[in-house]
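Enquirer: Handing over my_file-v5.pdb, PDB, C-alpha atoms.
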```
MODEL        1
ATOM      1  CA  PRO A   1     -24.478  -6.300  -1.182  1.00  0.00           C
ATOM      2  CA  LYS A   2     -21.105  -7.657  -0.163  1.00  0.00           C
ATOM      3  CA  PRO A   3     -19.104  -5.879   2.575  1.00  0.00           C
ATOM      4  CA  PRO A   4     -16.317  -3.470   1.597  1.00  0.00           C
ATOM      5  CA  ARG A   5     -12.920  -5.069   0.890  1.00  0.00           C
ATOM      6  CA  SER A   6     -14.452  -8.499   0.314  1.00  0.00           C
ATOM      7  CA  HIS A   7     -14.112 -10.725  -2.751  1.00  0.00           C
ATOM      8  CA  TYR A   8     -15.464 -14.079  -3.838  1.00  0.00           C
ATOM      9  CA  ASP A   9     -12.888 -16.862  -3.825  1.00  0.00           C
ATOM     10  CA  HIS A  10     -13.569 -19.366  -6.602  1.00  0.00           C
ATOM     11  CA  VAL A  11     -11.407 -22.067  -5.016  1.00  0.00           C
ATOM     12  CA  THR A  12     -13.031 -22.223  -1.570  1.00  0.00           C
ATOM     13  CA  LYS A  13     -16.311 -20.796  -2.946  1.00  0.00           C
ATOM     14  CA  ASN A  14     -16.601 -18.302  -0.090  1.00  0.00           C
ATOM     15  CA  LEU A  15     -16.933 -14.556   0.193  1.00  0.00           C
ATOM     16  CA  VAL A  16     -13.680 -13.556   1.925  1.00  0.00           C
ATOM     17  CA  LEU A  17     -13.227 -10.308   3.844  1.00  0.00           C
ATOM     18  CA  ASN A  18      -9.930  -8.577   3.013  1.00  0.00           C
ATOM     19  CA  MET A  19      -9.169 -11.286   0.474  1.00  0.00           C
ATOM     20  CA  ASP A  20      -5.518 -11.223  -0.561  1.00  0.00           C
ATOM     21  CA  HIS A  21      -5.058 -14.423  -2.574  1.00  0.00           C
ATOM     22  CA  TYR A  22      -5.484 -18.173  -2.445  1.00  0.00           C
ATOM     23  CA  CYS A  23      -2.348 -19.748  -0.968  1.00  0.00           C
ATOM     24  CA  PRO A  24      -1.642 -23.363  -2.011  1.00  0.00           C
ATOM     25  CA  TRP A  25       0.961 -23.667   0.767  1.00  0.00           C
ATOM     26  CA  MET A  26      -1.694 -22.931   3.397  1.00  0.00           C
ATOM     27  CA  PHE A  27      -4.449 -24.742   1.455  1.00  0.00           C
ATOM     28  CA  ASN A  28      -6.725 -21.814   2.174  1.00  0.00           C
ATOM     29  CA  CYS A  29      -7.652 -18.334   1.051  1.00  0.00           C
ATOM     30  CA  VAL A  30      -5.676 -15.589   2.801  1.00  0.00           C
ATOM     31  CA  GLY A  31      -7.961 -12.921   4.200  1.00  0.00           C
ATOM     32  CA  PHE A  32      -8.966 -10.924   7.270  1.00  0.00           C
ATOM     33  CA  LEU A  33      -8.736 -13.655   9.912  1.00  0.00           C
ATOM     34  CA  ASN A  34      -5.605 -15.466   8.731  1.00  0.00           C
ATOM     35  CA  TYR A  35      -3.416 -12.877   6.972  1.00  0.00           C
ATOM     36  CA  ARG A  36      -1.272 -12.690  10.116  1.00  0.00           C
ATOM     37  CA  TYR A  37      -0.546 -16.419   9.858  1.00  0.00           C
ATOM     38  CA  PHE A  38       0.467 -16.078   6.215  1.00  0.00           C
ATOM     39  CA  TYR A  39       2.817 -13.193   7.011  1.00  0.00           C
ATOM     40  CA  ASN A  40       4.303 -15.142   9.934  1.00  0.00           C
ATOM     41  CA  PHE A  41       4.776 -18.089   7.571  1.00  0.00           C
ATOM     42  CA  LEU A  42       6.872 -15.861   5.304  1.00  0.00           C
ATOM     43  CA  VAL A  43       8.897 -14.619   8.281  1.00  0.00           C
ATOM     44  CA  PHE A  44       9.586 -18.173   9.506  1.00  0.00           C
ATOM     45  CA  VAL A  45      10.594 -19.404   6.028  1.00  0.00           C
ATOM     46  CA  PHE A  46      12.846 -16.354   5.596  1.00  0.00           C
ATOM     47  CA  ILE A  47      14.621 -17.078   8.908  1.00  0.00           C
ATOM     48  CA  SER A  48      14.921 -20.776   8.029  1.00  0.00           C
ATOM     49  CA  MET A  49      16.491 -20.057   4.648  1.00  0.00           C
ATOM     50  CA  ILE A  50      19.019 -17.675   6.216  1.00  0.00           C
ATOM     51  CA  TYR A  51      19.894 -20.419   8.690  1.00  0.00           C
ATOM     52  CA  GLY A  52      20.273 -22.972   5.880  1.00  0.00           C
ATOM     53  CA  VAL A  53      22.500 -20.680   3.810  1.00  0.00           C
ATOM     54  CA  SER A  54      24.644 -19.804   6.836  1.00  0.00           C
ATOM     55  CA  LEU A  55      25.199 -23.521   7.582  1.00  0.00           C
ATOM     56  CA  SER A  56      26.078 -24.566   4.036  1.00  0.00           C
ATOM     57  CA  PHE A  57      27.886 -21.513   2.646  1.00  0.00           C
ATOM     58  CA  LYS A  58      31.304 -22.072   4.252  1.00  0.00           C
ATOM     59  CA  PRO A  59      31.435 -25.840   3.497  1.00  0.00           C
ATOM     60  CA  PHE A  60      30.401 -24.977  -0.092  1.00  0.00           C
ATOM     61  CA  LEU A  61      33.503 -22.775  -0.434  1.00  0.00           C
ATOM     62  CA  PHE A  62      35.706 -25.777   0.407  1.00  0.00           C
ATOM     63  CA  ILE A  63      34.075 -28.234  -2.020  1.00  0.00           C
ATOM     64  CA  GLN A  64      37.013 -27.691  -4.394  1.00  0.00           C
ATOM     65  CA  GLY A  65      40.328 -26.333  -3.281  1.00  0.00           C
ATOM     66  CA  LYS A  66      43.634 -26.976  -1.600  1.00  0.00           C
ATOM     67  CA  LEU A  67      42.241 -28.069   1.792  1.00  0.00           C
ATOM     68  CA  TYR A  68      39.700 -30.428   0.215  1.00  0.00           C
ATOM     69  CA  HIS A  69      42.388 -32.276  -1.782  1.00  0.00           C
ATOM     70  CA  GLU A  70      44.785 -32.279   1.166  1.00  0.00           C
ATOM     71  CA  GLN A  71      42.079 -33.845   3.322  1.00  0.00           C
ATOM     72  CA  ILE A  72      41.519 -36.652   0.784  1.00  0.00           C
ATOM     73  CA  ARG A  73      45.246 -37.259   0.448  1.00  0.00           C
ATOM     74  CA  SER A  74      45.725 -37.289   4.237  1.00  0.00           C
ATOM     75  CA  PHE A  75      43.123 -39.965   5.052  1.00  0.00           C
ATOM     76  CA  GLN A  76      44.325 -42.064   2.116  1.00  0.00           C
ATOM     77  CA  GLU A  77      47.943 -41.894   3.285  1.00  0.00           C
ATOM     78  CA  ASP A  78      46.900 -42.735   6.858  1.00  0.00           C
ATOM     79  CA  GLY A  79      45.216 -45.892   5.637  1.00  0.00           C
ATOM     80  CA  PHE A  80      41.574 -45.013   6.379  1.00  0.00           C
ATOM     81  CA  THR A  81      39.096 -47.061   4.356  1.00  0.00           C
ATOM     82  CA  SER A  82      36.457 -44.329   4.536  1.00  0.00           C
ATOM     83  CA  ALA A  83      36.639 -40.537   4.294  1.00  0.00           C
ATOM     84  CA  GLN A  84      37.378 -38.655   7.494  1.00  0.00           C
ATOM     85  CA  HIS A  85      36.909 -35.019   8.544  1.00  0.00           C
ATOM     86  CA  ILE A  86      40.336 -33.521   9.181  1.00  0.00           C
ATOM     87  CA  TYR A  87      39.788 -29.808   8.567  1.00  0.00           C
ATOM     88  CA  PRO A  88      36.769 -27.900   9.958  1.00  0.00           C
ATOM     89  CA  TYR A  89      34.049 -27.002   7.431  1.00  0.00           C
ATOM     90  CA  VAL A  90      35.748 -29.055   4.705  1.00  0.00           C
ATOM     91  CA  PRO A  91      33.271 -31.670   3.418  1.00  0.00           C
ATOM     92  CA  ILE A  92      34.157 -35.215   2.511  1.00  0.00           C
ATOM     93  CA  PRO A  93      33.365 -36.453  -1.039  1.00  0.00           C
ATOM     94  CA  GLU A  94      30.052 -38.042   0.041  1.00  0.00           C
ATOM     95  CA  GLU A  95      28.828 -34.682   1.389  1.00  0.00           C
ATOM     96  CA  ARG A  96      29.553 -32.534  -1.661  1.00  0.00           C
ATOM     97  CA  SER A  97      26.202 -33.092  -3.343  1.00  0.00           C
ATOM     98  CA  ALA A  98      24.239 -32.531  -0.122  1.00  0.00           C
ATOM     99  CA  VAL A  99      26.111 -29.303   0.660  1.00  0.00           C
ATOM    100  CA  SER A 100      25.640 -27.948  -2.878  1.00  0.00           C
ATOM    101  CA  PHE A 101      21.961 -28.905  -2.982  1.00  0.00           C
ATOM    102  CA  THR A 102      21.300 -27.341   0.443  1.00  0.00           C
ATOM    103  CA  LEU A 103      22.938 -24.044  -0.477  1.00  0.00           C
ATOM    104  CA  VAL A 104      21.262 -23.756  -3.882  1.00  0.00           C
ATOM    105  CA  LEU A 105      17.849 -24.726  -2.507  1.00  0.00           C
ATOM    106  CA  CYS A 106      17.996 -22.395   0.505  1.00  0.00           C
ATOM    107  CA  ALA A 107      19.405 -19.515  -1.525  1.00  0.00           C
ATOM    108  CA  SER A 108      16.838 -19.781  -4.338  1.00  0.00           C
ATOM    109  CA  ILE A 109      13.852 -20.178  -1.998  1.00  0.00           C
ATOM    110  CA  GLY A 110      15.288 -17.466   0.240  1.00  0.00           C
ATOM    111  CA  ILE A 111      15.503 -14.957  -2.620  1.00  0.00           C
ATOM    112  CA  ALA A 112      11.920 -15.692  -3.704  1.00  0.00           C
ATOM    113  CA  VAL A 113      10.509 -15.582  -0.170  1.00  0.00           C
ATOM    114  CA  THR A 114      12.467 -12.422   0.682  1.00  0.00           C
ATOM    115  CA  THR A 115      10.967 -10.669  -2.336  1.00  0.00           C
ATOM    116  CA  LEU A 116       7.478 -11.798  -1.344  1.00  0.00           C
ATOM    117  CA  LEU A 117       8.080 -10.833   2.297  1.00  0.00           C
ATOM    118  CA  LEU A 118       9.212  -7.321   1.356  1.00  0.00           C
ATOM    119  CA  PHE A 119       6.175  -6.894  -0.881  1.00  0.00           C
ATOM    120  CA  HIS A 120       3.750  -8.011   1.834  1.00  0.00           C
ATOM    121  CA  THR A 121       5.542  -5.845   4.412  1.00  0.00           C
ATOM    122  CA  TYR A 122       4.767  -2.894   2.152  1.00  0.00           C
ATOM    123  CA  LEU A 123       1.154  -4.039   1.807  1.00  0.00           C
ATOM    124  CA  LEU A 124       0.783  -4.558   5.570  1.00  0.00           C
ATOM    125  CA  LEU A 125       2.135  -1.107   6.455  1.00  0.00           C
ATOM    126  CA  THR A 126       0.019   0.647   3.794  1.00  0.00           C
ATOM    127  CA  ALA A 127      -3.261  -1.203   4.531  1.00  0.00           C
ATOM    128  CA  GLN A 128      -3.576  -2.948   1.181  1.00  0.00           C
ATOM    129  CA  THR A 129      -4.244  -6.448  -0.020  1.00  0.00           C
ATOM    130  CA  THR A 130      -2.673  -7.810  -3.215  1.00  0.00           C
ATOM    131  CA  ILE A 131      -5.984  -7.287  -5.019  1.00  0.00           C
ATOM    132  CA  GLU A 132      -6.287  -3.722  -3.724  1.00  0.00           C
ATOM    133  CA  PHE A 133      -2.671  -3.014  -4.638  1.00  0.00           C
ATOM    134  CA  HIS A 134      -3.378  -3.651  -8.332  1.00  0.00           C
ATOM    135  CA  SER A 135      -6.620  -1.646  -8.262  1.00  0.00           C
ATOM    136  CA  ASN A 136      -4.909   1.212  -6.397  1.00  0.00           C
ATOM    137  CA  CYS A 137      -2.151   1.296  -9.023  1.00  0.00           C
ATOM    138  CA  ALA A 138      -4.825   1.755 -11.678  1.00  0.00           C
ATOM    139  CA  ASN A 139      -6.506   4.453  -9.567  1.00  0.00           C
ATOM    140  CA  LYS A 140      -3.169   6.278  -9.188  1.00  0.00           C
ATOM    141  CA  ARG A 141      -2.641   6.261 -12.959  1.00  0.00           C
ATOM    142  CA  ARG A 142      -6.119   7.680 -13.552  1.00  0.00           C
ATOM    143  CA  ALA A 143      -5.570  10.307 -10.842  1.00  0.00           C
ATOM    144  CA  ARG A 144      -2.279  11.411 -12.434  1.00  0.00           C
ATOM    145  CA  GLN A 145      -4.000  11.788 -15.793  1.00  0.00           C
ATOM    146  CA  ARG A 146      -6.505  14.117 -14.103  1.00  0.00           C
ATOM    147  CA  LYS A 147      -3.663  15.942 -12.310  1.00  0.00           C
ATOM    148  CA  LYS A 148      -4.956  14.751  -8.954  1.00  0.00           C
ATOM    149  CA  LYS A 149      -3.468  12.682  -6.136  1.00  0.00           C
ATOM    150  CA  PHE A 150      -4.970   9.340  -5.143  1.00  0.00           C
ATOM    151  CA  ARG A 151      -4.995   8.368  -1.454  1.00  0.00           C
ATOM    152  CA  ASN A 152      -5.787   4.901  -0.157  1.00  0.00           C
ATOM    153  CA  PRO A 153      -8.933   5.427   1.989  1.00  0.00           C
ATOM    154  CA  TYR A 154      -8.010   2.535   4.311  1.00  0.00           C
ATOM    155  CA  ASP A 155      -4.503   3.791   5.130  1.00  0.00           C
ATOM    156  CA  LEU A 156      -4.419   4.955   8.764  1.00  0.00           C
ATOM    157  CA  GLY A 157      -0.646   5.264   9.084  1.00  0.00           C
ATOM    158  CA  TRP A 158       1.906   2.469   9.336  1.00  0.00           C
ATOM    159  CA  LYS A 159       1.495   1.944  13.101  1.00  0.00           C
ATOM    160  CA  ARG A 160      -2.292   1.589  13.064  1.00  0.00           C
ATOM    161  CA  ASN A 161      -2.103  -0.474   9.873  1.00  0.00           C
ATOM    162  CA  PHE A 162       0.239  -2.882  11.679  1.00  0.00           C
ATOM    163  CA  GLN A 163      -2.120  -3.007  14.676  1.00  0.00           C
ATOM    164  CA  GLN A 164      -5.045  -3.901  12.441  1.00  0.00           C
ATOM    165  CA  ILE A 165      -3.221  -7.133  11.614  1.00  0.00           C
ATOM    166  CA  TYR A 166      -1.271  -7.880  14.807  1.00  0.00           C
ATOM    167  CA  GLY A 167      -3.159  -5.952  17.475  1.00  0.00           C
ATOM    168  CA  THR A 168      -1.825  -3.592  20.119  1.00  0.00           C
ATOM    169  CA  GLY A 169       0.422  -6.090  21.940  1.00  0.00           C
ATOM    170  CA  ASN A 170       4.189  -6.482  21.726  1.00  0.00           C
ATOM    171  CA  ALA A 171       5.118  -6.272  18.037  1.00  0.00           C
ATOM    172  CA  PHE A 172       8.183  -8.517  18.322  1.00  0.00           C
ATOM    173  CA  PHE A 173       6.388 -11.368  20.086  1.00  0.00           C
ATOM    174  CA  SER A 174       3.406 -11.008  17.739  1.00  0.00           C
ATOM    175  CA  LEU A 175       5.707 -11.637  14.777  1.00  0.00           C
ATOM    176  CA  ILE A 176       7.652 -14.500  16.356  1.00  0.00           C
ATOM    177  CA  LEU A 177       5.246 -16.395  18.612  1.00  0.00           C
ATOM    178  CA  PRO A 178       2.252 -18.285  17.141  1.00  0.00           C
ATOM    179  CA  SER A 179      -1.133 -17.216  18.476  1.00  0.00           C
ATOM    180  CA  THR A 180      -4.800 -18.080  17.990  1.00  0.00           C
ATOM    181  CA  ARG A 181      -5.839 -14.521  18.878  1.00  0.00           C
ATOM    182  CA  GLU A 182      -8.189 -12.957  16.328  1.00  0.00           C
ATOM    183  CA  PRO A 183      -7.715  -9.408  14.929  1.00  0.00           C
ATOM    184  CA  GLU A 184      -8.653  -6.621  17.325  1.00  0.00           C
ATOM    185  CA  PHE A 185      -9.776  -4.101  14.706  1.00  0.00           C
ATOM    186  CA  LEU A 186     -12.182  -4.070  11.789  1.00  0.00           C
ATOM    187  CA  PRO A 187     -10.505  -3.542   8.386  1.00  0.00           C
ATOM    188  CA  LEU A 188     -12.147  -0.130   8.016  1.00  0.00           C
ATOM    189  CA  PRO A 189     -10.825   3.440   8.360  1.00  0.00           C
ATOM    190  CA  LEU A 190     -12.493   4.024  11.729  1.00  0.00           C
ATOM    191  CA  PRO A 191     -11.179   5.973  14.745  1.00  0.00           C
ATOM    192  CA  SER A 192      -9.256   4.000  17.353  1.00  0.00           C
ATOM    193  CA  ARG A 193     -12.002   2.948  19.775  1.00  0.00           C
ATOM    194  CA  GLU A 194     -14.740   2.802  17.160  1.00  0.00           C
ATOM    195  CA  GLY A 195     -12.608   0.522  15.003  1.00  0.00           C
ATOM    196  CA  LEU A 196     -12.251  -2.113  17.729  1.00  0.00           C
ATOM    197  CA  ARG A 197     -13.767  -5.427  16.747  1.00  0.00           C
ATOM    198  CA  ARG A 198     -16.308  -7.008  19.082  1.00  0.00           C
ATOM    199  CA  LYS A 199     -17.202 -10.656  18.694  1.00  0.00           C
ATOM    200  CA  ASP A 200     -20.814  -9.979  19.618  1.00  0.00           C
ATOM    201  CA  LEU A 201     -21.132  -7.141  17.112  1.00  0.00           C
ATOM    202  CA  ASP A 202     -22.319  -7.890  13.601  1.00  0.00           C
ATOM    203  CA  TYR A 203     -20.015  -6.463  10.929  1.00  0.00           C
ATOM    204  CA  ARG A 204     -23.040  -5.326   8.942  1.00  0.00           C
ATOM    205  CA  GLU A 205     -24.328  -3.333  11.928  1.00  0.00           C
ATOM    206  CA  VAL A 206     -21.134  -1.296  11.988  1.00  0.00           C
ATOM    207  CA  LEU A 207     -21.448  -0.521   8.290  1.00  0.00           C
ATOM    208  CA  HIS A 208     -25.104   0.419   8.696  1.00  0.00           C
ATOM    209  CA  SER A 209     -24.320   2.738  11.627  1.00  0.00           C
ATOM    210  CA  ARG A 210     -21.718   4.545   9.503  1.00  0.00           C
ATOM    211  CA  GLY A 211     -24.140   5.100   6.654  1.00  0.00           C
ATOM    212  CA  PRO A 212     -23.539   4.269   2.986  1.00  0.00           C
ATOM    213  CA  MET A 213     -19.918   3.913   1.895  1.00  0.00           C
ATOM    214  CA  ILE A 214     -18.650   4.567  -1.606  1.00  0.00           C
ATOM    215  CA  ILE A 215     -15.703   2.395  -2.574  1.00  0.00           C
TER     216      ILE A 215
ENDMDL
END
```
Show how you would write the structure in this file as structure tokens.

Expert:
Amino acid sequence: PKPPRSHYDHVTKNLVLNMDHYCPWMFNCVGFLNYRYFYNFLVFVFISMIYGVSLSFKPFLFIQGKLYHEQIRSFQEDGFTSAQHIYPYVPIPEERSAVSFTLVLCASIGIAVTTLLLFHTYLLLTAQTTIEFHSNCANKRRARQRKKKFRNPYDLGWKRNFQQIYGTGNAFFSLILPSTREPEFLPLPLPSREGLRRKDLDYREVLHSRGPMII
């Protein structure tokens, strides 16, 4: 039998623990060992798009307007054969397309990535994968019909859920700095010390020691 929280990926043809989805941008299936890298990828793209929008937004405002036309008239009257920057943040005619394209591209990608980042932040802090999120939504609907309350069995609280992905080190540096460190905890609802992952310990041995699990 396959381990809990594992699914078969038809693209890589592997059984993936904590499978979230297949990511074409990473050319790999996102799961237990590399979910942190995928989340960091979203964080880095989010920061990059904010930087791109902040650089291009003010020049975009001056693409058409009084200062833009005054700048063109000034370098023409002064006898320049090519466009010159006279006013700060006011683009020259050759830069208008680049400024517009940069703002539109960064803003559109930024909105999409921000939405995805917020969704995966929710998943990370509630100990869910994308696959489990959809199944848990169905379980919640069935529980409401029975006048009961569904609880995610893998949710150990937002702090421990974060540590299961990023470990017990500094949270800020874990999010910002790349690292080859593997997850410290097993993706199971185990007490703190018992949930620690050991490289010399077989995952199946832990499951066997806990007895049968119903999922």

Enquirer: For a test of reading the model, state the distance in Å between CA of Asn28 in chain A and CA of Val11 in chain A, rounded to one decimal.

Expert: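 So the answer is 8.6 Å.
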
Enquirer: I want to know what sits within 12 Å of Ala112 in chain A, based on all atoms listed in the file, with residues of the same chain fewer than 6 positions away left out; could you give that as a PDB file with C-alpha atoms, in the frame of the given file?

Expert:
```pdb
ATOM      1  CA  LEU A  42       6.872 -15.861   5.304  1.00  0.00           C
ATOM      2  CA  VAL A  45      10.594 -19.404   6.028  1.00  0.00           C
ATOM      3  CA  PHE A  46      12.846 -16.354   5.596  1.00  0.00           C
ATOM      4  CA  MET A  49      16.491 -20.057   4.648  1.00  0.00           C
ATOM      5  CA  LEU A 105      17.849 -24.726  -2.507  1.00  0.00           C
ATOM      6  CA  CYS A 106      17.996 -22.395   0.505  1.00  0.00           C
ATOM      7  CA  LEU A 118       9.212  -7.321   1.356  1.00  0.00           C
ATOM      8  CA  PHE A 119       6.175  -6.894  -0.881  1.00  0.00           C
TER       9      PHE A 119
END
```

Enquirer: With the PyMOL selection byres ((chain A and resi 89-91) around 8) as the selection, what would be picked from this file? Answer as an NGL selection string, please.

Expert: :A and (58-59 or 62-63 or 67-68 or 85-88 or 92-96)

Enquirer: Those same residues - C-alpha atoms - I'd like them written as a JSON list (two decimals), in the frame of the given file.

Expert:
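Result went into again_37.json, see below:
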```json
[["chain", "number", "residue", "atom", "x", "y", "z"],
["A", 58, "LYS", "CA", 31.30, -22.07, 4.25],
["A", 59, "PRO", "CA", 31.44, -25.84, 3.50],
["A", 62, "PHE", "CA", 35.71, -25.78, 0.41],
["A", 63, "ILE", "CA", 34.08, -28.23, -2.02],
["A", 67, "LEU", "CA", 42.24, -28.07, 1.79],
["A", 68, "TYR", "CA", 39.70, -30.43, 0.22],
["A", 85, "HIS", "CA", 36.91, -35.02, 8.54],
["A", 86, "ILE", "CA", 40.34, -33.52, 9.18],
["A", 87, "TYR", "CA", 39.79, -29.81, 8.57],
["A", 88, "PRO", "CA", 36.77, -27.90, 9.96],
["A", 92, "ILE", "CA", 34.16, -35.22, 2.51],
["A", 93, "PRO", "CA", 33.36, -36.45, -1.04],
["A", 94, "GLU", "CA", 30.05, -38.04, 0.04],
["A", 95, "GLU", "CA", 28.83, -34.68, 1.39],
["A", 96, "ARG", "CA", 29.55, -32.53, -1.66]]
```

Enquirer: Between A:Thr130, A:Gly52, A:Phe32, A:Ser100, which has the minimum distance to Glu184 in chain A (counting all atoms listed in the file)?

Expert: A:Phe32

Enquirer: CA of Phe133 in chain A to CA of Asn152 in chain A: how many Å, to one decimal?

Expert: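 Between CA of Phe133 in chain A and CA of Asn152 in chain A the gap is 9.6 Å.
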
Enquirer: Hey, can you check how far CA of Leu186 in chain A sits from CA of Pro3 in chain A?

Expert: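 Here the two named atoms are 11.7 Å from each other.
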
Enquirer: With all atoms listed in the file as the atoms that count, which of A:Phe75, A:Tyr8, A:Phe150, A:Trp158 lies nearest to Leu125 in chain A?

Expert: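 Distance minimum relative to Leu125 in chain A lands on A:Trp158.
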
Enquirer: Using only C-alpha atoms, which residue out of A:Leu188, A:Leu55, A:Ile50, A:Val30 lies closest to Ile111 in chain A?

Expert: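 Between A:Leu188, A:Leu55, A:Ile50, A:Val30, the residue approaching Ile111 in chain A most closely is A:Ile50.
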
Enquirer: Evaluate the PyMOL selection byres ((chain A and resi 132) around 12) against this structure - the residues, as a ChimeraX atom specification, please.

Expert: /A:4-7,18-21,123-124,126-131,133-140,152-155,215

Enquirer: Grab the residues selected above and save them as a tab-separated table (two decimals), in the frame of the given file with C-alpha atoms.

Expert:
```tsv
chain	number	residue	atom	x	y	z
A	4	PRO	CA	-16.32	-3.47	1.60
A	5	ARG	CA	-12.92	-5.07	0.89
A	6	SER	CA	-14.45	-8.50	0.31
A	7	HIS	CA	-14.11	-10.72	-2.75
A	18	ASN	CA	-9.93	-8.58	3.01
A	19	MET	CA	-9.17	-11.29	0.47
A	20	ASP	CA	-5.52	-11.22	-0.56
A	21	HIS	CA	-5.06	-14.42	-2.57
A	123	LEU	CA	1.15	-4.04	1.81
A	124	LEU	CA	0.78	-4.56	5.57
A	126	THR	CA	0.02	0.65	3.79
A	127	ALA	CA	-3.26	-1.20	4.53
A	128	GLN	CA	-3.58	-2.95	1.18
A	129	THR	CA	-4.24	-6.45	-0.02
A	130	THR	CA	-2.67	-7.81	-3.22
A	131	ILE	CA	-5.98	-7.29	-5.02
A	133	PHE	CA	-2.67	-3.01	-4.64
A	134	HIS	CA	-3.38	-3.65	-8.33
A	135	SER	CA	-6.62	-1.65	-8.26
A	136	ASN	CA	-4.91	1.21	-6.40
A	137	CYS	CA	-2.15	1.30	-9.02
A	138	ALA	CA	-4.82	1.76	-11.68
A	139	ASN	CA	-6.51	4.45	-9.57
A	140	LYS	CA	-3.17	6.28	-9.19
A	152	ASN	CA	-5.79	4.90	-0.16
A	153	PRO	CA	-8.93	5.43	1.99
A	154	TYR	CA	-8.01	2.54	4.31
A	155	ASP	CA	-4.50	3.79	5.13
A	215	ILE	CA	-15.70	2.40	-2.57
```

Enquirer: Which residues are near Arg36 in chain A? Cut-off 12 Å, all atoms listed in the file, ignore same chain within fewer than 6 positions. Put them as an mmCIF file with C-alpha atoms, in the frame of the given file.

Expert:
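Saved to out-v3.cif:
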```cif
data_model
loop_
_atom_site.group_PDB
_atom_site.id
_atom_site.type_symbol
_atom_site.label_atom_id
_atom_site.label_comp_id
_atom_site.auth_asym_id
_atom_site.auth_seq_id
_atom_site.Cartn_x
_atom_site.Cartn_y
_atom_site.Cartn_z
ATOM 1 C CA ASN A 18 -9.930 -8.577 3.013
ATOM 2 C CA ASP A 20 -5.518 -11.223 -0.561
ATOM 3 C CA VAL A 30 -5.676 -15.589 2.801
ATOM 4 C CA LEU A 42 6.872 -15.861 5.304
ATOM 5 C CA VAL A 43 8.897 -14.619 8.281
ATOM 6 C CA HIS A 120 3.750 -8.011 1.834
ATOM 7 C CA THR A 121 5.542 -5.845 4.412
ATOM 8 C CA LEU A 124 0.783 -4.558 5.570
ATOM 9 C CA PHE A 162 0.239 -2.882 11.679
ATOM 10 C CA GLN A 163 -2.120 -3.007 14.676
ATOM 11 C CA GLN A 164 -5.045 -3.901 12.441
ATOM 12 C CA ILE A 165 -3.221 -7.133 11.614
ATOM 13 C CA TYR A 166 -1.271 -7.880 14.807
ATOM 14 C CA GLY A 167 -3.159 -5.952 17.475
ATOM 15 C CA SER A 174 3.406 -11.008 17.739
ATOM 16 C CA LEU A 175 5.707 -11.637 14.777
ATOM 17 C CA ILE A 176 7.652 -14.500 16.356
ATOM 18 C CA LEU A 177 5.246 -16.395 18.612
ATOM 19 C CA PRO A 178 2.252 -18.285 17.141
ATOM 20 C CA SER A 179 -1.133 -17.216 18.476
ATOM 21 C CA THR A 180 -4.800 -18.080 17.990
ATOM 22 C CA ARG A 181 -5.839 -14.521 18.878
ATOM 23 C CA GLU A 182 -8.189 -12.957 16.328
ATOM 24 C CA PRO A 183 -7.715 -9.408 14.929
ATOM 25 C CA GLU A 184 -8.653 -6.621 17.325
#
```

Enquirer: Measuring atom to atom with only C-alpha atoms, identify which of A:Leu61, A:Val16, A:Val53, A:Leu190 is nearest to Leu33 in chain A.

Expert: A:Val16

Enquirer: With distances taken over only C-alpha atoms, which residue among A:Asp9, A:Ser54, A:Leu156, A:Asn34 lies nearest Tyr22 in chain A?

Expert: A:Asp9

Enquirer: Measuring atom to atom with all atoms listed in the file, identify which of A:Asn170, A:Gln76, A:Gln145, A:Thr114 is nearest to Tyr39 in chain A.

Expert: A:Thr114
